[in-house]
Amino acid sequence: MFSNPHFERVRQMFADQFEPDGDGFLYRKSMKGTPVRVSGIERDEFVRSFNRQLRYSMWSMLPATLIIISLLVWLVPDVNSTAGHVATYAGIAVILAPFLATYYWAWNRPSRELERRPTEGVARSREEVRRLMFSKMTYGQLGFAALAGIALVWKASGDTDVLHGWGVLWLMFAALLITAAGIQAIRKWRCERG
C-alpha cells in the first residue's frame, strides 16, 4: 500500500511541474500554468515536502481505518443492513476527506508560496498541454486500461448476472473504459504523427 506504483506516479507528476531551465527550474502549476523561476534548492525542498506530506497522509489512514472498523464492529452489528452500508460509506468518507484535503494542500504549496513571484512567460495553450499529456501517456497504460475493463466485467460476472438487469451497467462501464482507451490511443497516435 505504501510503496504503491500509483503513488510513485503521483510523486513524479508533482516533480514534473518543475521543468529544468538553465541553472534553475521553471514551476508551472499542473504543468500548464504561467512559469515561475525557482532554484534547484527550492525545487528539491518542494518535492521533499510533498513526498513527506503524502507519506504522512498515507500513514495516518492506517489508524483511522482501524478506528472506523472498530466503531463499525461495535456500533453496527449487521454490516449488510442498510444502516451498515451507510455507516461503512460514511466511514470511508471520514477517512478520505482529511487525506484529500492534505493532498491538495501539499500539491498547491508551491503555487501559494510563489504567487507573488514574477512570471517568466505565459501559461501553456490547450494544444501544448494536450501534446505534453500525450507524450507522457504510453500505449502500455492505455492497453492496461482496456484490459482492466475486461477484468472488471470478469470479476463482476462472478457475483452478478452482467447480461440482465442492473448487471448490464458493468458491461456498459467496461465498454466505456475500453472505448475511452481506444480513443485516447488514436488521439495519441495522431498527435505523434502531426
# chains A, B, ... in the order shown; residues from 1 in each chain; ligands from 1
>>> select_by_dssp(residues="region 23-98 of chain A", states="helix (DSSP H, G or I)", output="PyMOL selection string")
chain A and resi 29-31+40-75+82-98
>>> closest_residue(among="A:Leu163, A:Leu176, A:Leu152, A:Ala106", to="Arg48 (chain A)", atoms="only C-alpha atoms")
A:Ala106
>>> residues_around(residues="Ala151 (chain A)", least_positions_apart="4", cutoff="12 Å", atoms="only C-alpha atoms", output="ChimeraX atom specification")
/A:144-147,155-158,170-171,173-175,177-178
>>> residues_around(residues="Tyr56 (chain A)", least_positions_apart="2", cutoff="12 Å", atoms="only C-alpha atoms", output="list in words")
Phe2, Ser49, Phe50, Asn51, Arg52, Gln53, Leu54, Met58, Trp59, Ser60, Met61, Leu62, Pro63, Pro98, Phe99, Thr102, Tyr103 and Ala106 of chain A
>>> write_last_selection(atoms="N, CA, C and O atoms", output="PDB file, in the first residue's frame")
ATOM      1  N   PHE A   2       1.948   1.266   0.795  1.00  0.00           N
ATOM      2  CA  PHE A   2       2.726   2.477   0.951  1.00  0.00           C
ATOM      3  C   PHE A   2       3.811   2.620  -0.108  1.00  0.00           C
ATOM      4  O   PHE A   2       4.383   3.673  -0.269  1.00  0.00           O
ATOM      5  N   SER A  49       9.060  18.112   0.527  1.00  0.00           N
ATOM      6  CA  SER A  49       7.903  18.428   1.371  1.00  0.00           C
ATOM      7  C   SER A  49       6.654  17.698   0.894  1.00  0.00           C
ATOM      8  O   SER A  49       5.898  17.149   1.706  1.00  0.00           O
ATOM      9  N   PHE A  50       6.438  17.673  -0.423  1.00  0.00           N
ATOM     10  CA  PHE A  50       5.267  16.976  -0.958  1.00  0.00           C
ATOM     11  C   PHE A  50       5.341  15.484  -0.650  1.00  0.00           C
ATOM     12  O   PHE A  50       4.356  14.887  -0.204  1.00  0.00           O
ATOM     13  N   ASN A  51       6.504  14.876  -0.875  1.00  0.00           N
ATOM     14  CA  ASN A  51       6.667  13.448  -0.608  1.00  0.00           C
ATOM     15  C   ASN A  51       6.439  13.130   0.872  1.00  0.00           C
ATOM     16  O   ASN A  51       5.815  12.126   1.211  1.00  0.00           O
ATOM     17  N   ARG A  52       6.934  14.005   1.743  1.00  0.00           N
ATOM     18  CA  ARG A  52       6.746  13.809   3.178  1.00  0.00           C
ATOM     19  C   ARG A  52       5.263  13.904   3.556  1.00  0.00           C
ATOM     20  O   ARG A  52       4.740  13.054   4.271  1.00  0.00           O
ATOM     21  N   GLN A  53       4.573  14.923   3.027  1.00  0.00           N
ATOM     22  CA  GLN A  53       3.143  15.090   3.318  1.00  0.00           C
ATOM     23  C   GLN A  53       2.337  13.897   2.803  1.00  0.00           C
ATOM     24  O   GLN A  53       1.418  13.430   3.469  1.00  0.00           O
ATOM     25  N   LEU A  54       2.672  13.406   1.618  1.00  0.00           N
ATOM     26  CA  LEU A  54       1.974  12.255   1.056  1.00  0.00           C
ATOM     27  C   LEU A  54       2.193  11.020   1.932  1.00  0.00           C
ATOM     28  O   LEU A  54       1.253  10.276   2.220  1.00  0.00           O
ATOM     29  N   MET A  58      -0.690   9.036   4.043  1.00  0.00           N
ATOM     30  CA  MET A  58      -0.929   7.603   3.876  1.00  0.00           C
ATOM     31  C   MET A  58      -0.859   6.886   5.215  1.00  0.00           C
ATOM     32  O   MET A  58      -1.710   6.051   5.525  1.00  0.00           O
ATOM     33  N   TRP A  59       0.152   7.196   6.005  1.00  0.00           N
ATOM     34  CA  TRP A  59       0.296   6.524   7.296  1.00  0.00           C
ATOM     35  C   TRP A  59      -0.835   6.893   8.241  1.00  0.00           C
ATOM     36  O   TRP A  59      -1.233   6.080   9.075  1.00  0.00           O
ATOM     37  N   SER A  60      -1.376   8.101   8.133  1.00  0.00           N
ATOM     38  CA  SER A  60      -2.479   8.494   9.020  1.00  0.00           C
ATOM     39  C   SER A  60      -3.761   7.742   8.681  1.00  0.00           C
ATOM     40  O   SER A  60      -4.657   7.633   9.522  1.00  0.00           O
ATOM     41  N   MET A  61      -3.860   7.236   7.445  1.00  0.00           N
ATOM     42  CA  MET A  61      -5.052   6.477   7.072  1.00  0.00           C
ATOM     43  C   MET A  61      -5.117   5.126   7.789  1.00  0.00           C
ATOM     44  O   MET A  61      -6.211   4.604   8.019  1.00  0.00           O
ATOM     45  N   LEU A  62      -3.987   4.558   8.163  1.00  0.00           N
ATOM     46  CA  LEU A  62      -3.977   3.247   8.823  1.00  0.00           C
ATOM     47  C   LEU A  62      -4.690   3.291  10.172  1.00  0.00           C
ATOM     48  O   LEU A  62      -5.628   2.524  10.389  1.00  0.00           O
ATOM     49  N   PRO A  63      -4.299   4.169  11.108  1.00  0.00           N
ATOM     50  CA  PRO A  63      -5.037   4.193  12.380  1.00  0.00           C
ATOM     51  C   PRO A  63      -6.494   4.630  12.194  1.00  0.00           C
ATOM     52  O   PRO A  63      -7.385   4.122  12.882  1.00  0.00           O
ATOM     53  N   PRO A  98      -9.913  13.912   5.084  1.00  0.00           N
ATOM     54  CA  PRO A  98      -8.658  14.542   5.532  1.00  0.00           C
ATOM     55  C   PRO A  98      -7.477  14.219   4.620  1.00  0.00           C
ATOM     56  O   PRO A  98      -6.606  15.064   4.393  1.00  0.00           O
ATOM     57  N   PHE A  99      -7.440  12.980   4.086  1.00  0.00           N
ATOM     58  CA  PHE A  99      -6.351  12.613   3.182  1.00  0.00           C
ATOM     59  C   PHE A  99      -6.359  13.519   1.952  1.00  0.00           C
ATOM     60  O   PHE A  99      -5.327  14.064   1.554  1.00  0.00           O
ATOM     61  N   THR A 102      -5.350  17.153   2.773  1.00  0.00           N
ATOM     62  CA  THR A 102      -3.898  17.257   2.963  1.00  0.00           C
ATOM     63  C   THR A 102      -3.169  17.135   1.636  1.00  0.00           C
ATOM     64  O   THR A 102      -2.205  17.864   1.376  1.00  0.00           O
ATOM     65  N   TYR A 103      -3.624  16.237   0.788  1.00  0.00           N
ATOM     66  CA  TYR A 103      -3.005  16.038  -0.522  1.00  0.00           C
ATOM     67  C   TYR A 103      -3.068  17.322  -1.353  1.00  0.00           C
ATOM     68  O   TYR A 103      -2.060  17.777  -1.899  1.00  0.00           O
ATOM     69  N   ALA A 106      -0.831  20.071   0.030  1.00  0.00           N
ATOM     70  CA  ALA A 106       0.577  19.836  -0.314  1.00  0.00           C
ATOM     71  C   ALA A 106       0.827  20.081  -1.802  1.00  0.00           C
ATOM     72  O   ALA A 106       1.855  20.654  -2.181  1.00  0.00           O
TER      73      ALA A 106
END
